[in-house]
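Structure file data-v5.cif (mmCIF, C-alpha atoms) follows.
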data_upload
#
loop_
_atom_site.label_atom_id
_atom_site.label_comp_id
_atom_site.auth_asym_id
_atom_site.auth_seq_id
_atom_site.Cartn_x
_atom_site.Cartn_y
_atom_site.Cartn_z
CA MET G 293 9.65 -8.32 -18.99
CA ALA G 294 6.39 -8.33 -17.06
CA LYS G 295 4.63 -10.58 -19.56
CA GLN G 296 6.83 -13.66 -19.75
CA PHE G 297 8.16 -14.20 -16.21
CA LYS G 298 6.49 -15.47 -13.05
CA PRO G 299 6.50 -13.34 -9.84
CA GLU G 300 9.43 -15.22 -8.30
CA THR G 301 11.62 -14.37 -11.30
CA LEU G 302 10.40 -10.77 -11.41
CA CYS G 303 11.32 -10.30 -7.74
CA VAL G 304 14.93 -11.13 -8.60
CA GLN G 305 15.30 -9.98 -12.22
CA ALA G 306 12.87 -7.17 -13.08
CA GLY G 307 13.69 -3.47 -13.22
CA TRP G 308 17.46 -3.55 -13.74
CA THR G 309 18.92 -5.12 -16.90
CA PRO G 310 22.65 -4.38 -17.04
CA LYS G 311 24.44 -4.13 -20.36
CA LYS G 312 27.97 -5.36 -21.10
CA GLY G 313 30.38 -4.31 -18.37
CA GLU G 314 27.69 -2.69 -16.18
CA PRO G 315 27.18 -3.61 -12.49
CA ARG G 316 25.21 -6.83 -12.02
CA VAL G 317 23.62 -5.40 -8.86
CA LEU G 318 21.49 -2.25 -9.15
CA PRO G 319 23.81 0.64 -8.17
CA ILE G 320 22.89 3.56 -5.92
CA TYR G 321 22.89 6.67 -8.11
CA GLN G 322 23.73 8.91 -5.16
CA SER G 323 23.65 12.15 -7.13
CA THR G 324 21.21 15.04 -7.03
CA THR G 325 21.95 16.04 -10.60
CA PHE G 326 22.91 14.73 -14.07
CA LYS G 327 25.12 16.28 -16.77
CA TYR G 328 24.23 17.22 -20.39
CA ASP G 329 26.38 18.49 -23.24
CA THR G 330 24.07 21.16 -24.67
CA SER G 331 21.40 23.52 -23.45
CA GLU G 332 19.00 22.06 -26.06
CA GLN G 333 19.29 18.55 -24.55
CA MET G 334 18.33 19.89 -21.14
CA ALA G 335 15.48 22.00 -22.57
CA ARG G 336 13.88 18.93 -24.19
CA LEU G 337 13.83 17.16 -20.81
CA PHE G 338 12.16 20.15 -19.12
CA ASP G 339 9.49 20.22 -21.83
CA LEU G 340 8.81 16.46 -21.36
CA GLU G 341 9.72 15.95 -25.04
CA GLU G 342 12.34 13.38 -24.04
CA SER G 343 12.71 11.21 -20.97
CA GLY G 344 15.92 11.30 -19.01
CA TYR G 345 17.51 12.37 -15.75
CA PHE G 346 18.36 15.87 -14.70
CA TYR G 347 17.41 16.17 -11.02
CA THR G 348 16.70 13.38 -8.50
CA ARG G 349 13.57 15.06 -7.13
CA LEU G 350 11.89 14.20 -10.43
CA GLN G 351 13.58 10.97 -11.40
CA ASN G 352 16.60 8.89 -10.44
CA PRO G 353 17.85 5.68 -12.13
CA THR G 354 17.92 3.68 -8.87
CA ASN G 355 14.36 4.73 -8.00
CA ASP G 356 13.10 4.10 -11.53
CA ALA G 357 14.52 0.57 -11.63
CA VAL G 358 12.81 -0.33 -8.35
CA ALA G 359 9.54 1.29 -9.44
CA ALA G 360 9.71 -0.75 -12.67
CA LYS G 361 10.16 -3.96 -10.64
CA ILE G 362 7.07 -3.21 -8.51
CA ALA G 363 5.07 -2.31 -11.65
CA ALA G 364 6.07 -5.66 -13.18
CA LEU G 365 5.06 -7.54 -10.01
CA GLU G 366 1.64 -5.86 -9.95
CA GLY G 367 1.15 -6.20 -13.72
CA GLY G 368 0.98 -2.42 -14.19
CA VAL G 369 2.31 -0.13 -16.93
CA ALA G 370 4.20 2.37 -14.74
CA ALA G 371 5.01 3.16 -11.13
CA MET G 372 6.48 5.93 -9.00
CA LEU G 373 8.26 5.61 -5.64
CA THR G 374 7.47 8.04 -2.82
CA SER G 375 9.10 8.82 0.52
CA SER G 376 6.42 6.95 2.52
CA GLY G 377 3.19 5.02 2.15
CA GLN G 378 1.31 8.10 3.37
CA ALA G 379 2.85 10.16 0.55
CA ALA G 380 1.77 7.48 -1.95
CA ASN G 381 -1.83 7.63 -0.67
CA PHE G 382 -1.85 11.43 -0.78
CA TYR G 383 -0.40 11.63 -4.31
CA ALA G 384 -2.69 8.89 -5.63
CA ILE G 385 -5.75 10.93 -4.66
CA PHE G 386 -4.32 14.43 -5.21
CA ASN G 387 -3.27 13.47 -8.76
CA ILE G 388 -6.96 13.37 -9.80
CA CYS G 389 -8.69 15.48 -7.11
CA GLN G 390 -8.52 19.21 -6.47
CA ALA G 391 -10.34 21.68 -4.20
CA GLY G 392 -14.10 21.19 -4.64
CA ASP G 393 -13.77 17.49 -5.51
CA HIS G 394 -14.89 14.45 -3.52
CA PHE G 395 -13.99 10.78 -3.23
CA VAL G 396 -15.46 7.72 -1.53
CA CYS G 397 -13.37 5.54 0.77
CA SER G 398 -13.75 2.32 2.71
CA SER G 399 -13.93 3.09 6.45
CA ALA G 400 -11.74 0.04 7.17
CA ILE G 401 -8.36 1.62 6.50
CA TYR G 402 -5.17 2.41 8.41
CA GLY G 403 -5.72 5.13 11.05
CA GLY G 404 -3.08 7.42 9.54
CA THR G 405 -4.78 7.23 6.14
CA PHE G 406 -8.19 7.83 7.75
CA ASN G 407 -6.81 11.02 9.30
CA LEU G 408 -5.06 12.11 6.08
CA PHE G 409 -8.30 11.73 4.08
CA GLY G 410 -10.82 12.78 6.73
CA VAL G 411 -8.99 15.75 8.30
CA THR G 412 -5.94 16.99 6.38
CA MET G 413 -7.27 16.68 2.82
CA LYS G 414 -10.52 18.38 3.87
CA LYS G 415 -8.35 21.41 4.72
CA LEU G 416 -7.27 21.37 1.06
CA GLY G 417 -10.93 21.43 -0.03
CA ILE G 418 -11.11 17.74 -1.01
CA ASP G 419 -14.04 16.01 0.66
CA VAL G 420 -14.42 12.31 1.45
CA THR G 421 -17.32 10.03 2.41
CA PHE G 422 -16.41 6.88 4.35
CA VAL G 423 -18.48 3.75 3.71
CA SER G 424 -18.46 0.33 5.32
CA PRO G 425 -16.69 -2.07 2.92
CA ASP G 426 -19.30 -4.69 3.81
CA ALA G 427 -22.23 -2.43 2.82
CA SER G 428 -24.32 -3.31 -0.22
CA GLU G 429 -23.51 -1.97 -3.68
CA GLU G 430 -26.60 0.26 -3.48
CA GLU G 431 -25.51 1.73 -0.16
CA ILE G 432 -21.94 2.43 -1.33
CA SER G 433 -23.17 3.86 -4.66
CA ALA G 434 -25.43 6.25 -2.74
CA ALA G 435 -22.29 7.94 -1.35
CA PHE G 436 -21.23 9.06 -4.86
CA GLN G 437 -21.78 12.69 -5.87
CA PRO G 438 -21.45 14.51 -9.23
CA ASN G 439 -17.97 15.67 -8.13
CA THR G 440 -16.74 12.22 -6.96
CA LYS G 441 -13.40 11.33 -8.59
CA ALA G 442 -12.26 8.02 -7.01
CA LEU G 443 -13.09 5.05 -4.79
CA PHE G 444 -10.42 3.85 -2.31
CA GLY G 445 -9.95 0.73 -0.16
CA GLU G 446 -7.34 -1.56 1.41
CA THR G 447 -7.02 -5.20 0.29
CA ILE G 448 -6.57 -6.20 3.95
CA SER G 449 -7.22 -3.35 6.36
CA ASN G 450 -4.75 -2.38 9.07
CA PRO G 451 -5.33 -3.20 11.94
CA SER G 452 -8.93 -4.51 11.63
CA LEU G 453 -7.92 -7.10 8.96
CA GLU G 454 -11.11 -6.83 6.92
CA VAL G 455 -10.83 -8.24 3.38
CA LEU G 456 -11.99 -5.97 0.56
CA ASP G 457 -14.35 -7.38 -2.08
CA ILE G 458 -12.28 -5.94 -4.93
CA GLU G 459 -14.63 -6.99 -7.74
CA LYS G 460 -17.60 -5.37 -5.97
CA PHE G 461 -15.65 -2.14 -5.38
CA ALA G 462 -14.42 -2.11 -9.01
CA ARG G 463 -17.99 -2.53 -10.29
CA ILE G 464 -19.21 0.38 -8.16
CA ALA G 465 -16.29 2.63 -9.19
CA HIS G 466 -16.61 1.90 -12.91
CA SER G 467 -20.40 2.28 -12.97
CA ASN G 468 -19.77 5.78 -11.58
CA GLY G 469 -17.01 6.56 -14.10
CA VAL G 470 -14.14 6.72 -11.58
CA PRO G 471 -11.05 4.60 -10.91
CA LEU G 472 -10.68 2.16 -8.00
CA ILE G 473 -7.51 2.78 -5.96
CA VAL G 474 -6.46 -0.15 -3.76
CA ASP G 475 -3.80 -0.18 -1.03
CA ASN G 476 -2.23 -3.64 -1.42
CA THR G 477 0.41 -3.31 1.33
CA PHE G 478 -0.46 -6.34 3.46
CA PRO G 479 -0.87 -9.12 0.85
CA THR G 480 1.74 -7.66 -1.58
CA PRO G 481 1.53 -8.72 -5.27
CA ILE G 482 2.87 -12.14 -4.22
CA ASN G 483 -0.50 -12.97 -2.62
CA CYS G 484 -2.93 -10.63 -4.41
CA ARG G 485 -2.89 -8.70 -7.68
CA PRO G 486 -5.80 -6.23 -7.52
CA PHE G 487 -5.51 -5.28 -11.23
CA GLU G 488 -6.67 -8.80 -12.13
CA TRP G 489 -9.91 -8.11 -10.20
CA GLY G 490 -10.65 -4.70 -11.73
CA ALA G 491 -8.65 -2.22 -9.63
CA ASP G 492 -7.10 0.64 -11.63
CA ILE G 493 -4.38 2.03 -9.34
CA VAL G 494 -2.49 0.27 -6.55
CA VAL G 495 -0.59 1.92 -3.70
CA HIS G 496 1.88 0.42 -1.23
CA SER G 497 3.65 1.30 1.93
CA THR G 498 6.90 -0.34 0.79
CA THR G 499 8.04 0.13 4.43
CA LYS G 500 6.23 -3.11 5.27
CA TYR G 501 6.69 -6.53 3.60
CA MET G 502 8.33 -5.19 0.42
CA ASP G 503 11.31 -3.82 2.34
CA GLY G 504 10.74 -6.60 4.85
CA HIS G 505 13.54 -5.72 7.25
CA ALA G 506 12.32 -2.48 8.91
CA THR G 507 15.17 -0.47 7.41
CA SER G 508 13.51 2.00 5.00
CA VAL G 509 10.33 4.04 5.00
CA GLY G 510 8.83 4.31 1.51
CA GLY G 511 5.79 4.13 -0.73
CA CYS G 512 4.81 3.33 -4.30
CA ILE G 513 1.96 4.11 -6.72
CA VAL G 514 1.32 1.72 -9.62
CA ASP G 515 -0.98 2.43 -12.57
CA SER G 516 -2.63 -0.48 -14.41
CA GLY G 517 -3.01 1.65 -17.54
CA ASN G 518 -6.58 0.31 -17.80
CA PHE G 519 -8.69 3.30 -16.78
CA ASP G 520 -9.90 5.36 -19.76
CA TRP G 521 -9.46 8.94 -18.50
CA ASP G 522 -10.55 10.47 -21.82
CA ALA G 523 -13.88 8.61 -21.68
CA HIS G 524 -14.61 10.67 -18.54
CA ALA G 525 -12.62 13.75 -19.57
CA GLU G 526 -14.99 16.20 -17.85
CA LYS G 527 -14.18 14.54 -14.48
CA PHE G 528 -10.40 14.60 -14.94
CA PRO G 529 -9.34 17.95 -16.42
CA GLY G 530 -5.87 17.62 -14.92
CA LEU G 531 -5.15 14.65 -17.18
CA CYS G 532 -7.35 15.48 -20.18
CA THR G 533 -6.87 19.23 -20.69
CA PRO G 534 -3.66 21.22 -21.40
CA ASP G 535 -1.20 21.79 -18.53
CA GLU G 536 -0.01 25.38 -18.77
CA SER G 537 3.08 24.59 -16.69
CA TYR G 538 4.27 22.42 -19.62
CA HIS G 539 3.42 24.66 -22.62
CA GLY G 540 -0.13 23.32 -22.87
CA LEU G 541 0.77 19.63 -23.07
CA THR G 542 -2.16 17.22 -22.42
CA TYR G 543 -1.05 14.12 -20.48
CA THR G 544 -3.48 11.60 -21.98
CA LYS G 545 -2.63 12.69 -25.52
CA ALA G 546 1.13 12.89 -24.97
CA PHE G 547 1.64 9.81 -22.79
CA GLY G 548 -1.32 7.45 -23.37
CA LYS G 549 -1.30 4.70 -20.74
CA GLY G 550 1.54 6.49 -18.97
CA ALA G 551 -0.51 9.66 -18.40
CA TYR G 552 -1.37 9.19 -14.71
CA ILE G 553 2.16 8.37 -13.47
CA THR G 554 3.76 10.98 -15.75
CA LYS G 555 1.48 13.67 -14.29
CA ALA G 556 2.18 12.47 -10.74
CA THR G 557 5.92 12.73 -11.39
CA ALA G 558 6.10 15.84 -13.58
CA GLN G 559 3.60 17.84 -11.51
CA LEU G 560 3.19 16.53 -7.94
CA MET G 561 6.74 15.31 -7.36
CA ARG G 562 8.08 18.45 -9.02
CA ASP G 563 6.08 20.67 -6.65
CA LEU G 564 5.78 18.63 -3.44
CA GLY G 565 9.00 16.62 -3.57
CA SER G 566 8.21 13.52 -1.45
CA ILE G 567 10.89 11.42 -3.13
CA GLN G 568 12.34 8.17 -1.90
CA SER G 569 16.09 8.48 -1.44
CA PRO G 570 18.23 6.33 -3.80
CA GLN G 571 19.78 4.69 -0.71
CA ASN G 572 16.33 3.61 0.54
CA SER G 573 15.35 2.41 -2.96
CA PHE G 574 18.49 0.25 -3.01
CA LEU G 575 17.55 -1.33 0.34
CA LEU G 576 13.95 -1.79 -0.85
CA ASN G 577 15.23 -3.62 -3.93
CA LEU G 578 17.21 -6.04 -1.73
CA GLY G 579 13.98 -6.72 0.16
CA LEU G 580 12.02 -7.30 -3.04
CA GLU G 581 14.52 -9.96 -4.15
CA THR G 582 13.31 -12.26 -1.34
CA LEU G 583 9.65 -11.13 -1.14
CA HIS G 584 8.46 -14.36 -2.83
CA LEU G 585 10.31 -16.43 -0.20
CA ARG G 586 9.30 -14.41 2.83
CA MET G 587 5.55 -14.02 2.19
CA PRO G 588 4.77 -17.77 2.23
CA GLN G 589 6.77 -18.12 5.47
CA HIS G 590 4.91 -15.20 7.10
CA CYS G 591 1.60 -16.80 6.07
CA ARG G 592 2.52 -20.33 7.22
CA ASN G 593 3.66 -19.02 10.59
CA ALA G 594 0.62 -16.76 11.04
CA GLN G 595 -1.73 -19.64 10.22
CA LYS G 596 -0.10 -21.81 12.92
CA VAL G 597 -0.15 -18.98 15.47
CA ALA G 598 -3.80 -18.13 14.68
CA GLU G 599 -4.79 -21.79 15.11
CA PHE G 600 -2.89 -21.97 18.42
CA LEU G 601 -4.58 -18.78 19.72
CA SER G 602 -8.05 -19.91 18.63
CA LYS G 603 -7.68 -23.07 20.79
CA ASN G 604 -6.26 -21.32 23.89
CA GLU G 605 -8.75 -20.80 26.73
CA LYS G 606 -7.16 -17.46 27.77
CA VAL G 607 -7.93 -15.95 24.35
CA ALA G 608 -11.35 -14.28 23.93
CA TRP G 609 -11.29 -13.95 20.13
CA VAL G 610 -8.98 -14.22 17.09
CA ASN G 611 -9.27 -12.36 13.78
CA TYR G 612 -7.29 -13.94 10.91
CA CYS G 613 -8.86 -14.55 7.50
CA GLY G 614 -7.04 -17.91 7.17
CA LEU G 615 -9.27 -19.43 9.87
CA PRO G 616 -12.31 -21.20 8.32
CA ASP G 617 -14.73 -19.63 10.82
CA ASN G 618 -13.53 -16.09 10.00
CA LYS G 619 -16.06 -13.66 8.53
CA TYR G 620 -13.71 -12.97 5.58
CA TYR G 621 -12.53 -16.54 4.95
CA ALA G 622 -14.47 -16.96 1.68
CA LEU G 623 -13.30 -13.59 0.28
CA ALA G 624 -9.72 -14.38 1.31
CA GLN G 625 -9.90 -17.76 -0.47
CA LYS G 626 -11.16 -15.99 -3.60
CA TYR G 627 -8.62 -13.16 -3.75
CA MET G 628 -5.68 -14.69 -1.86
CA PRO G 629 -5.83 -18.49 -2.21
CA ASN G 630 -2.11 -18.88 -1.39
CA GLY G 631 -2.27 -16.90 1.86
CA SER G 632 -3.04 -13.36 3.01
CA CYS G 633 -0.38 -11.85 5.29
CA GLY G 634 1.34 -12.38 8.62
CA VAL G 635 -0.74 -9.97 10.70
CA ILE G 636 -3.24 -11.30 13.26
CA SER G 637 -5.42 -9.46 15.75
CA PHE G 638 -6.78 -11.05 18.92
CA GLY G 639 -8.10 -10.21 22.38
CA LEU G 640 -7.52 -11.78 25.78
CA LYS G 641 -10.10 -12.57 28.44
CA GLY G 642 -9.77 -9.89 31.10
CA GLY G 643 -9.37 -7.03 28.62
CA ARG G 644 -6.89 -4.17 28.58
CA ASP G 645 -4.88 -4.85 31.77
CA VAL G 646 -4.34 -8.50 30.90
CA SER G 647 -3.31 -7.49 27.35
CA ILE G 648 -0.64 -5.12 28.71
CA LYS G 649 0.70 -7.76 31.15
CA PHE G 650 0.83 -10.30 28.30
CA MET G 651 2.83 -7.97 26.03
CA ASP G 652 5.24 -6.99 28.80
CA SER G 653 5.91 -10.70 29.40
CA LEU G 654 6.95 -11.50 25.82
CA GLU G 655 10.64 -12.29 25.41
CA PHE G 656 11.71 -11.95 21.75
CA ILE G 657 8.43 -10.72 20.26
CA ALA G 658 9.02 -6.96 20.56
CA ILE G 659 6.60 -4.11 21.29
CA VAL G 660 7.02 -1.73 18.32
CA THR G 661 4.83 0.58 16.22
CA HIS G 662 5.50 -1.39 13.08
CA VAL G 663 4.21 -4.44 11.26
CA ALA G 664 5.25 -6.66 8.41
CA ASP G 665 8.94 -7.25 8.70
CA ALA G 666 11.09 -10.32 9.33
CA ARG G 667 10.81 -10.02 13.13
CA SER G 668 7.69 -10.87 15.11
CA CYS G 669 6.29 -7.82 16.89
CA VAL G 670 3.21 -6.75 18.78
CA LEU G 671 1.20 -3.59 19.51
CA HIS G 672 -1.81 -2.73 21.68
CA PRO G 673 -3.51 0.16 19.82
CA ALA G 674 -5.65 1.21 22.81
CA SER G 675 -2.54 1.92 24.90
CA HIS G 676 -0.23 3.01 22.07
CA THR G 677 -1.35 4.38 18.68
CA HIS G 678 -4.96 5.14 19.76
CA ARG G 679 -4.35 5.92 23.46
CA GLN G 680 -6.01 9.34 23.25
CA LEU G 681 -9.40 7.72 22.47
CA SER G 682 -12.05 6.63 24.97
CA ASP G 683 -13.38 3.04 24.83
CA GLU G 684 -16.46 4.31 22.96
CA GLN G 685 -14.30 6.15 20.42
CA LEU G 686 -12.09 3.07 20.03
CA MET G 687 -15.13 0.95 19.10
CA GLU G 688 -16.24 3.62 16.60
CA ALA G 689 -12.77 3.48 14.99
CA GLY G 690 -13.08 -0.32 14.70
CA VAL G 691 -10.38 -0.89 17.33
CA ARG G 692 -11.59 -2.86 20.33
CA PRO G 693 -10.02 -1.85 23.67
CA ASP G 694 -8.60 -5.38 24.04
CA LEU G 695 -7.27 -5.64 20.44
CA ILE G 696 -3.67 -6.86 20.22
CA ARG G 697 -2.07 -6.60 16.78
CA LEU G 698 0.51 -9.33 16.26
CA SER G 699 2.78 -9.23 13.23
CA VAL G 700 4.13 -12.76 12.82
CA GLY G 701 7.70 -12.82 11.51
CA ILE G 702 9.72 -15.43 9.64
CA GLU G 703 11.32 -17.05 12.71
CA ASN G 704 10.53 -20.68 13.56
CA ALA G 705 6.79 -21.01 14.21
CA ASP G 706 7.29 -23.23 17.29
CA ASP G 707 9.55 -20.60 18.86
CA ILE G 708 6.98 -17.85 18.19
CA ILE G 709 4.19 -19.96 19.73
CA ALA G 710 6.37 -20.86 22.76
CA ASP G 711 6.99 -17.15 23.46
CA ILE G 712 3.25 -16.40 23.20
CA GLU G 713 2.42 -19.40 25.45
CA GLN G 714 4.87 -18.42 28.21
CA ALA G 715 3.56 -14.82 28.14
CA LEU G 716 -0.06 -16.06 28.38
CA ASN G 717 0.92 -18.21 31.36
CA ALA G 718 2.68 -15.28 33.01
#
Rewrite the structure of this file - the entire thing - as structure tokens.
Amino acid sequence: MAKQFKPETLCVQAGWTPKKGEPRVLPIYQSTTFKYDTSEQMARLFDLEESGYFYTRLQNPTNDAVAAKIAALEGGVAAMLTSSGQAANFYAIFNICQAGDHFVCSSAIYGGTFNLFGVTMKKLGIDVTFVSPDASEEEISAAFQPNTKALFGETISNPSLEVLDIEKFARIAHSNGVPLIVDNTFPTPINCRPFEWGADIVVHSTTKYMDGHATSVGGCIVDSGNFDWDAHAEKFPGLCTPDESYHGLTYTKAFGKGAYITKATAQLMRDLGSIQSPQNSFLLNLGLETLHLRMPQHCRNAQKVAEFLSKNEKVAWVNYCGLPDNKYYALAQKYMPNGSCGVISFGLKGGRDVSIKFMDSLEFIAIVTHVADARSCVLHPASHTHRQLSDEQLMEAGVRPDLIRLSVGIENADDIIADIEQALNA
């Protein structure tokens, strides 16, 4: 299905193809377990000799249909849903890294991911080196070590909104014999398809634009099927040597292009269990059906709001890659010519106190720790998510003390601007 249809059609049609007399709408398979007639049938599933359903922690038809839709949208060969975007990031790395291994990561990433990689995964014996995404190829390549297994970055970073040079990162990763993993949460595959620029694995927090309505926390990992694990077999023993927990089966030999996702499901999901519930997958699928309609509206509205803010004398600075004077405008035009996302960051003259007064004066734009759903919302990281940091530490983390993160929704743009204007005047 992925080959012949355009993204708009895939949003609506991919993943679930009912047969005669089956439900037209993807059903919720709200069952932990699935029945078989003979012991032999069940045994073949446990040995990975056949694919099928026996326990929802490993696979569920609702989840698989939604994963297949996201894989089709990204142009990948296989995908796996997880319980959150954080779980997707953890599994994506942990699937190819073990204690004693190392990976390289852009420093411009979501704070929760920075902590996961820089603190929690170090406790598991997996080391990381953070590099500036704007550094030269030589500088980033210098961070690689003999035990480096991956390179990671975000298409558009949250909340600093830096645009990743995907082709540059792919070149660096491949010249070092490792895959490039890209978090594509903010643009979604509607606005950017990292596989077309050389990325190998894509992760999403489906909680954001994909769900689109702030109803369901979730994540997804998509494999392009393009990285040749066997060509670098010594780096990836987990994929290229026998797995004793499955009678010595080797994933690359048994599953070809499906090796990475099969291992993530059969091994990591089996043991760690961060599944997305079928109910949440169902809600995610409803969101995906309108993703191609919502993303252009988010981008149109954000562009208008960013232009309004950039002309307002009470605003000190605006960061949105759709503005021609933005540092990342050229990269955004290259990778996301139809628009980036609906998230803007800006600062007000007068700093932190003025920012807080402004946010408290907003009427329908809500203060929430969320971005990327239908409703416009706002957050001041220095007083909320990063409030434990000093001003110096905030600057080190790439979060200015006056930074306001505004997630522009799909309401009427004039109404959004009017709410911002009255709050600025207050």
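Taken over the shown file, the PyMOL selection byres ((chain G and resi 322-339) around 8) identifies Ile320, Tyr321, Leu340, Glu341, Glu342, Ser343, Gly344, Tyr345, Phe346, Tyr347, Thr348, Arg349, Tyr538, His539, Pro570 and Gln571 of chain G.
If you measure from each of G:Thr309, G:Ser428, G:Asn577, G:Thr440 to His466 in chain G using all atoms listed in the file, the closest one turns out to be G:Thr440.
Among the candidates G:Asn439, G:Ser467, G:Thr301, G:Asn618, the one nearest to Ile388 in chain G when counting all atoms listed in the file is G:Asn439.
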For Val670 in chain G, list every protein, DNA or RNA residue within 6 Å, evaluated using only C-alpha atoms, and leave out those in the same chain fewer than 2 positions away; present the list as a JSON list (two decimals) with C-alpha atoms, keeping the file's coordinate frame.
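Here's the written file result.json:
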[["chain", "number", "residue", "atom", "x", "y", "z"],
["G", 659, "ILE", "CA", 6.60, -4.11, 21.29],
["G", 697, "ARG", "CA", -2.07, -6.60, 16.78],
["G", 698, "LEU", "CA", 0.51, -9.33, 16.26]]
### Query
Using only C-alpha atoms, which residue out of G:Ala546, G:Leu541, G:Ala491, G:Leu578 lies closest to Leu318 in chain G?
G:Leu578
### Task
Write out as JSON, numbers by chain which residues come within 10 Å of range 504-511 of chain G when counting all atoms listed in the file, dropping same-chain ones fewer than 6 positions away.
{"G": [359, 372, 373, 374, 375, 376, 377, 378, 379, 380, 381, 477, 495, 496, 497, 498, 566, 567, 568, 569, 571, 572, 573, 574, 575, 576, 578, 579, 580, 582, 583, 586, 587, 662, 663, 664, 665, 666, 667, 701]}
### Message
As a check of understanding, name the residues that the PyMOL selection byres ((chain G and resi 599-607) around 8) selects in the supplied structure, as number ranges by chain.
### Response
G: 595-598, 608-610, 615, 638-641, 709, 716
### Task
Decode the PyMOL selection byres ((chain G and resi 543) around 9) for the given file into explicit residues and return them as a count of residues only.
18
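For the point (-2.3, 16.5, -4.1), the residues with an atom at a distance of at most 9 Å are G:Phe382, G:Tyr383, G:Ala384, G:Ile385, G:Phe386, G:Asn387, G:Ile388, G:Cys389, G:Gln390, G:Met413, G:Leu416, G:Ala556, G:Leu560, G:Leu564, counting only C-alpha atoms.
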### Query
So which residues touch range 624-637 of chain G within 8 Å, counting all atoms listed in the file, skipping near sequence neighbours fewer than 4 positions away, as a VMD selection string?
chain G and resid 451 to 453 455 478 to 479 483 to 484 587 to 588 590 to 594 598 610 to 614 620 663 to 664 695 to 701
### Summary
A straight line from CA of Pro486 in chain G to CA of Leu350 in chain G spans 27.2 Å
### Message
Using only C-alpha atoms for the distances, tell me which of G:Ala391, G:Ile493, G:Met687, G:Leu365 is nearest to Thr480 in chain G.
### Response
G:Leu365
### Task
For Ala465 in chain G, work out the shell of residues within 9 Å, counting all atoms listed in the file and skipping chain neighbours fewer than 4 positions away, then give it as a count of residues only.
9
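With only C-alpha atoms as the atoms that count, the residue of G:Arg562, G:Gly368, G:Ile401, G:Ala427 with the shortest distance to Ser449 in chain G is G:Ile401.
In this structure, CA of Lys500 in chain G sits 23.5 Å away from CA of Thr412 in chain G.
For the choices G:Arg485, G:Arg316, G:Lys549, G:Arg692, the atom-to-atom distance to Asp515 in chain G is smallest for G:Lys549 when using only C-alpha atoms.
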